[in-house]
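Have a look at the structure below before the remarks.
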Amino acid sequence: MQSVKVVVTGPFNAGKTTFIKSVSEITVLSTERQISDVSNEGTGETTVAMDFGRITISDDVVLYLFGTPGQERFSFMWETLSEGMLGFVLLVDTTSEESIADAASMIRFFKEMSDVPFVVAANKVAADDLEALRALRGSLEIEESVPLLPVDAREKDSVKAVLLGLLYRILESMG
């Protein structure tokens, strides 16, 4: 059995915990805590260390999902969680300009940490909204070769499609 470490990262409130919970076949280990920062009022909780889940892709492949905190003040965890990853998903809330700006800097951070394949998952956008996806690609300054995949982080099949997209990129990079 081949195990694959995948990091699920993205800005604060992009949907990382929801993404992992919607697809994990085990109870997700989550380190969410109540938010004490009044500037983030209304969201309730945030991940302070990591989320952990697992999904079996086939008899031969298991993905271990490590979700990062989204706030830059926890960037020491980004570095720790990125060790040994074979790829990462960057999740971004397409309805938030702040999320998009933070996502651009997170892409740079993770690309500097490790030269592994990644995909960008656009949360909260319709799959057929090509204009929004094109605008997001431009805002994030990602190459055309990087898959930009619409996702509904609440929907298991949508999340699986993103993870399979990443897995294909990982396999291509090994071949």
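Residue names in the structure tokens use chain letters A, B, ... in the order shown, residue numbers from 1 in each chain, and ligand numbers from 1 in the order shown.
The environment of stretch 162-165 of chain A within 9 Å, counting only C-alpha atoms and disregarding residues fewer than 2 places along the same chain, consists of Val6, Ile57, Leu63, Val89, Val119, Val120, Ala121, Pro147, Leu149, Pro150, Val151, Asp157, Ser158, Val159, Lys160, Leu167, Tyr168, Arg169 and Ile170 of chain A.
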Written file, previous selection with C-alpha atoms, as a short mmCIF file (atom, residue, chain, number, x, y, z; two decimals), in the first residue's frame:
data_model
loop_
_atom_site.label_atom_id
_atom_site.label_comp_id
_atom_site.auth_asym_id
_atom_site.auth_seq_id
_atom_site.Cartn_x
_atom_site.Cartn_y
_atom_site.Cartn_z
CA VAL A 6 -1.10 15.76 0.92
CA ILE A 57 -8.21 5.91 -3.33
CA LEU A 63 -4.06 9.81 0.87
CA VAL A 89 -4.07 21.69 -2.51
CA VAL A 119 -3.55 22.37 -7.57
CA VAL A 120 -5.64 25.40 -6.71
CA ALA A 121 -9.19 24.65 -5.59
CA PRO A 147 -4.83 23.10 -12.49
CA LEU A 149 -10.38 23.42 -10.15
CA PRO A 150 -13.76 24.64 -8.93
CA VAL A 151 -14.84 22.91 -5.73
CA ASP A 157 -17.53 14.12 -4.96
CA SER A 158 -16.33 17.66 -5.64
CA VAL A 159 -13.50 17.28 -3.11
CA LYS A 160 -12.59 13.84 -4.52
CA LEU A 167 -2.87 12.73 -7.51
CA TYR A 168 -2.59 12.70 -11.32
CA ARG A 169 -0.14 15.63 -11.10
CA ILE A 170 1.91 13.76 -8.49
#
Set the distance at 6 Å and use only C-alpha atoms: which residues neighbour A:Gly87 once local chain neighbours fewer than 6 positions away are removed? I'd like the list as a short mmCIF file (atom, residue, chain, number, x, y, z; two decimals) with C-alpha atoms, in the first residue's frame.
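Wrote around-v7.cif, looks like this:
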data_model
loop_
_atom_site.label_atom_id
_atom_site.label_comp_id
_atom_site.auth_asym_id
_atom_site.auth_seq_id
_atom_site.Cartn_x
_atom_site.Cartn_y
_atom_site.Cartn_z
CA VAL A 6 -1.10 15.76 0.92
CA VAL A 116 6.02 19.44 -5.41
CA PRO A 117 2.95 19.44 -7.63
CA PHE A 118 -0.07 21.42 -6.49
#
Nearest to A:Asp115, chosen from A:Ala103, A:Met50, A:Leu86, A:Ala135, with only C-alpha atoms counted in the distances: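 Ranking A:Ala103, A:Met50, A:Leu86, A:Ala135 by distance to A:Asp115, first place goes to A:Leu86.
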For A:Met1: contacts at 8 Å, only C-alpha atoms, fewer than 4 positions along chain excluded, given as a ChimeraX atom specification: /A:59-62
Those in stretch 22-131 of chain A with strand (DSSP E) from DSSP, as a ChimeraX atom specification: /A:29-34,45-56,61-67,87-93,118-123
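Comparing A:Lys156, A:Ser99, A:Ala161, A:Ser114 by their smallest distance to A:Ser139, the closest is A:Ser99 (using only C-alpha atoms).
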Non-local contacts of stretch 23-31 of chain A (10 Å; only C-alpha atoms; under 2 positions in same chain excluded) as a ChimeraX atom specification: /A:17-21,33,45-56,63-69,153-160,163
Output the selection as an mmCIF file, in the first residue's frame - N, CA and C atoms for each residue.
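Written output follows (again_1.cif):
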data_model
loop_
_atom_site.group_PDB
_atom_site.id
_atom_site.type_symbol
_atom_site.label_atom_id
_atom_site.label_comp_id
_atom_site.auth_asym_id
_atom_site.auth_seq_id
_atom_site.Cartn_x
_atom_site.Cartn_y
_atom_site.Cartn_z
ATOM 1 N N THR A 17 -11.043 22.894 6.651
ATOM 2 C CA THR A 17 -11.564 21.874 7.567
ATOM 3 C C THR A 17 -12.780 21.187 6.945
ATOM 4 N N THR A 18 -13.657 21.953 6.348
ATOM 5 C CA THR A 18 -14.843 21.402 5.687
ATOM 6 C C THR A 18 -14.431 20.478 4.550
ATOM 7 N N PHE A 19 -13.447 20.886 3.766
ATOM 8 C CA PHE A 19 -12.912 20.105 2.647
ATOM 9 C C PHE A 19 -12.476 18.726 3.133
ATOM 10 N N ILE A 20 -11.678 18.698 4.199
ATOM 11 C CA ILE A 20 -11.161 17.426 4.724
ATOM 12 C C ILE A 20 -12.283 16.602 5.343
ATOM 13 N N LYS A 21 -13.163 17.232 6.109
ATOM 14 C CA LYS A 21 -14.254 16.498 6.760
ATOM 15 C C LYS A 21 -15.210 15.881 5.745
ATOM 16 N N ARG A 33 -10.246 26.096 17.464
ATOM 17 C CA ARG A 33 -10.470 26.809 18.719
ATOM 18 C C ARG A 33 -11.349 28.021 18.446
ATOM 19 N N GLU A 45 -14.787 29.665 14.825
ATOM 20 C CA GLU A 45 -13.618 28.842 15.125
ATOM 21 C C GLU A 45 -12.572 28.960 14.024
ATOM 22 N N THR A 46 -11.338 28.629 14.407
ATOM 23 C CA THR A 46 -10.251 28.575 13.439
ATOM 24 C C THR A 46 -9.312 27.441 13.815
ATOM 25 N N THR A 47 -8.650 26.867 12.829
ATOM 26 C CA THR A 47 -7.672 25.808 13.067
ATOM 27 C C THR A 47 -6.390 26.451 13.586
ATOM 28 N N VAL A 48 -5.861 25.908 14.687
ATOM 29 C CA VAL A 48 -4.655 26.484 15.272
ATOM 30 C C VAL A 48 -3.418 25.612 15.093
ATOM 31 N N ALA A 49 -3.584 24.347 14.746
ATOM 32 C CA ALA A 49 -2.424 23.482 14.516
ATOM 33 C C ALA A 49 -2.586 22.735 13.200
ATOM 34 N N MET A 50 -3.593 21.864 13.130
ATOM 35 C CA MET A 50 -3.808 21.116 11.892
ATOM 36 C C MET A 50 -5.127 20.370 11.953
ATOM 37 N N ASP A 51 -5.553 19.920 10.787
ATOM 38 C CA ASP A 51 -6.634 18.954 10.655
ATOM 39 C C ASP A 51 -5.994 17.725 10.025
ATOM 40 N N PHE A 52 -6.515 16.546 10.349
ATOM 41 C CA PHE A 52 -5.962 15.326 9.772
ATOM 42 C C PHE A 52 -7.094 14.402 9.372
ATOM 43 N N GLY A 53 -7.026 13.919 8.121
ATOM 44 C CA GLY A 53 -8.004 12.961 7.631
ATOM 45 C C GLY A 53 -7.341 11.974 6.693
ATOM 46 N N ARG A 54 -8.122 10.989 6.254
ATOM 47 C CA ARG A 54 -7.582 9.958 5.366
ATOM 48 C C ARG A 54 -8.655 9.532 4.387
ATOM 49 N N ILE A 55 -8.220 9.252 3.157
ATOM 50 C CA ILE A 55 -9.121 8.698 2.155
ATOM 51 C C ILE A 55 -8.375 7.623 1.371
ATOM 52 N N THR A 56 -9.016 6.475 1.215
ATOM 53 C CA THR A 56 -8.452 5.393 0.417
ATOM 54 C C THR A 56 -8.894 5.596 -1.023
ATOM 55 N N LEU A 63 -4.491 8.423 0.694
ATOM 56 C CA LEU A 63 -4.062 9.806 0.866
ATOM 57 C C LEU A 63 -4.249 10.195 2.331
ATOM 58 N N TYR A 64 -3.198 10.733 2.929
ATOM 59 C CA TYR A 64 -3.277 11.298 4.267
ATOM 60 C C TYR A 64 -3.338 12.802 4.087
ATOM 61 N N LEU A 65 -4.394 13.405 4.599
ATOM 62 C CA LEU A 65 -4.659 14.825 4.395
ATOM 63 C C LEU A 65 -4.312 15.611 5.648
ATOM 64 N N PHE A 66 -3.434 16.587 5.494
ATOM 65 C CA PHE A 66 -3.020 17.449 6.594
ATOM 66 C C PHE A 66 -3.457 18.867 6.275
ATOM 67 N N GLY A 67 -4.421 19.370 7.032
ATOM 68 C CA GLY A 67 -4.910 20.728 6.822
ATOM 69 C C GLY A 67 -4.151 21.714 7.685
ATOM 70 N N THR A 68 -3.740 22.803 7.084
ATOM 71 C CA THR A 68 -2.969 23.824 7.805
ATOM 72 C C THR A 68 -3.891 24.886 8.388
ATOM 73 N N PRO A 69 -3.400 25.608 9.385
ATOM 74 C CA PRO A 69 -4.110 26.819 9.798
ATOM 75 C C PRO A 69 -4.010 27.839 8.656
ATOM 76 N N ALA A 153 -16.497 22.663 -1.160
ATOM 77 C CA ALA A 153 -15.811 21.960 -0.069
ATOM 78 C C ALA A 153 -16.755 21.121 0.785
ATOM 79 N N ARG A 154 -18.061 21.326 0.642
ATOM 80 C CA ARG A 154 -19.042 20.554 1.413
ATOM 81 C C ARG A 154 -19.431 19.257 0.726
ATOM 82 N N GLU A 155 -19.080 19.127 -0.556
ATOM 83 C CA GLU A 155 -19.525 17.991 -1.366
ATOM 84 C C GLU A 155 -18.403 16.978 -1.580
ATOM 85 N N LYS A 156 -18.621 15.762 -1.121
ATOM 86 C CA LYS A 156 -17.606 14.711 -1.190
ATOM 87 C C LYS A 156 -17.084 14.494 -2.614
ATOM 88 N N ASP A 157 -17.973 14.386 -3.594
ATOM 89 C CA ASP A 157 -17.533 14.119 -4.964
ATOM 90 C C ASP A 157 -16.713 15.268 -5.536
ATOM 91 N N SER A 158 -17.070 16.486 -5.185
ATOM 92 C CA SER A 158 -16.333 17.657 -5.641
ATOM 93 C C SER A 158 -14.911 17.657 -5.065
ATOM 94 N N VAL A 159 -14.813 17.342 -3.775
ATOM 95 C CA VAL A 159 -13.502 17.278 -3.113
ATOM 96 C C VAL A 159 -12.670 16.139 -3.698
ATOM 97 N N LYS A 160 -13.305 14.977 -3.932
ATOM 98 C CA LYS A 160 -12.591 13.841 -4.519
ATOM 99 C C LYS A 160 -12.011 14.208 -5.884
ATOM 100 N N LEU A 163 -8.834 16.117 -5.326
ATOM 101 C CA LEU A 163 -7.758 15.242 -4.853
ATOM 102 C C LEU A 163 -7.245 14.335 -5.966
#
Backbone-only DSSP, helix (DSSP H, G or I) members of stretch 26-172 of chain A, as an NGL selection string: :A and (38-40 or 72-82 or 97-113 or 130-140 or 156-172)
Within 8 Å of A:Glu141 using only C-alpha atoms, minus same-chain residues under 3 positions, as a PyMOL selection string: chain A and resi 104+137-138
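Distances from A:Leu91, A:Leu130, A:Ile107, A:Met174 to A:Glu143 were compared using only C-alpha atoms, and the smallest one belongs to A:Ile107.
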Length of the atom CA of A:Asp93 to atom CA of A:Met77 vector [Å]: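 According to the coordinates, atom CA of A:Asp93 and atom CA of A:Met77 are separated by 20.9 Å.
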Among listed residues A:Asn13, A:Ser173, A:Gln2, A:Thr94, nearest A:Leu148 (using only C-alpha atoms):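 Using only C-alpha atoms, the shortest distance to A:Leu148 belongs to A:Thr94.
Neighbouring residues of A:Met106 at 10 Å or closer, counting only C-alpha atoms and skipping chain neighbours under 5 positions away, are Thr9, Gly10, Pro11, Gly70, Glu72, Ser75, Trp78, Leu90, Ile100, Ala101, Lys111, Glu112 and Leu140 of chain A.
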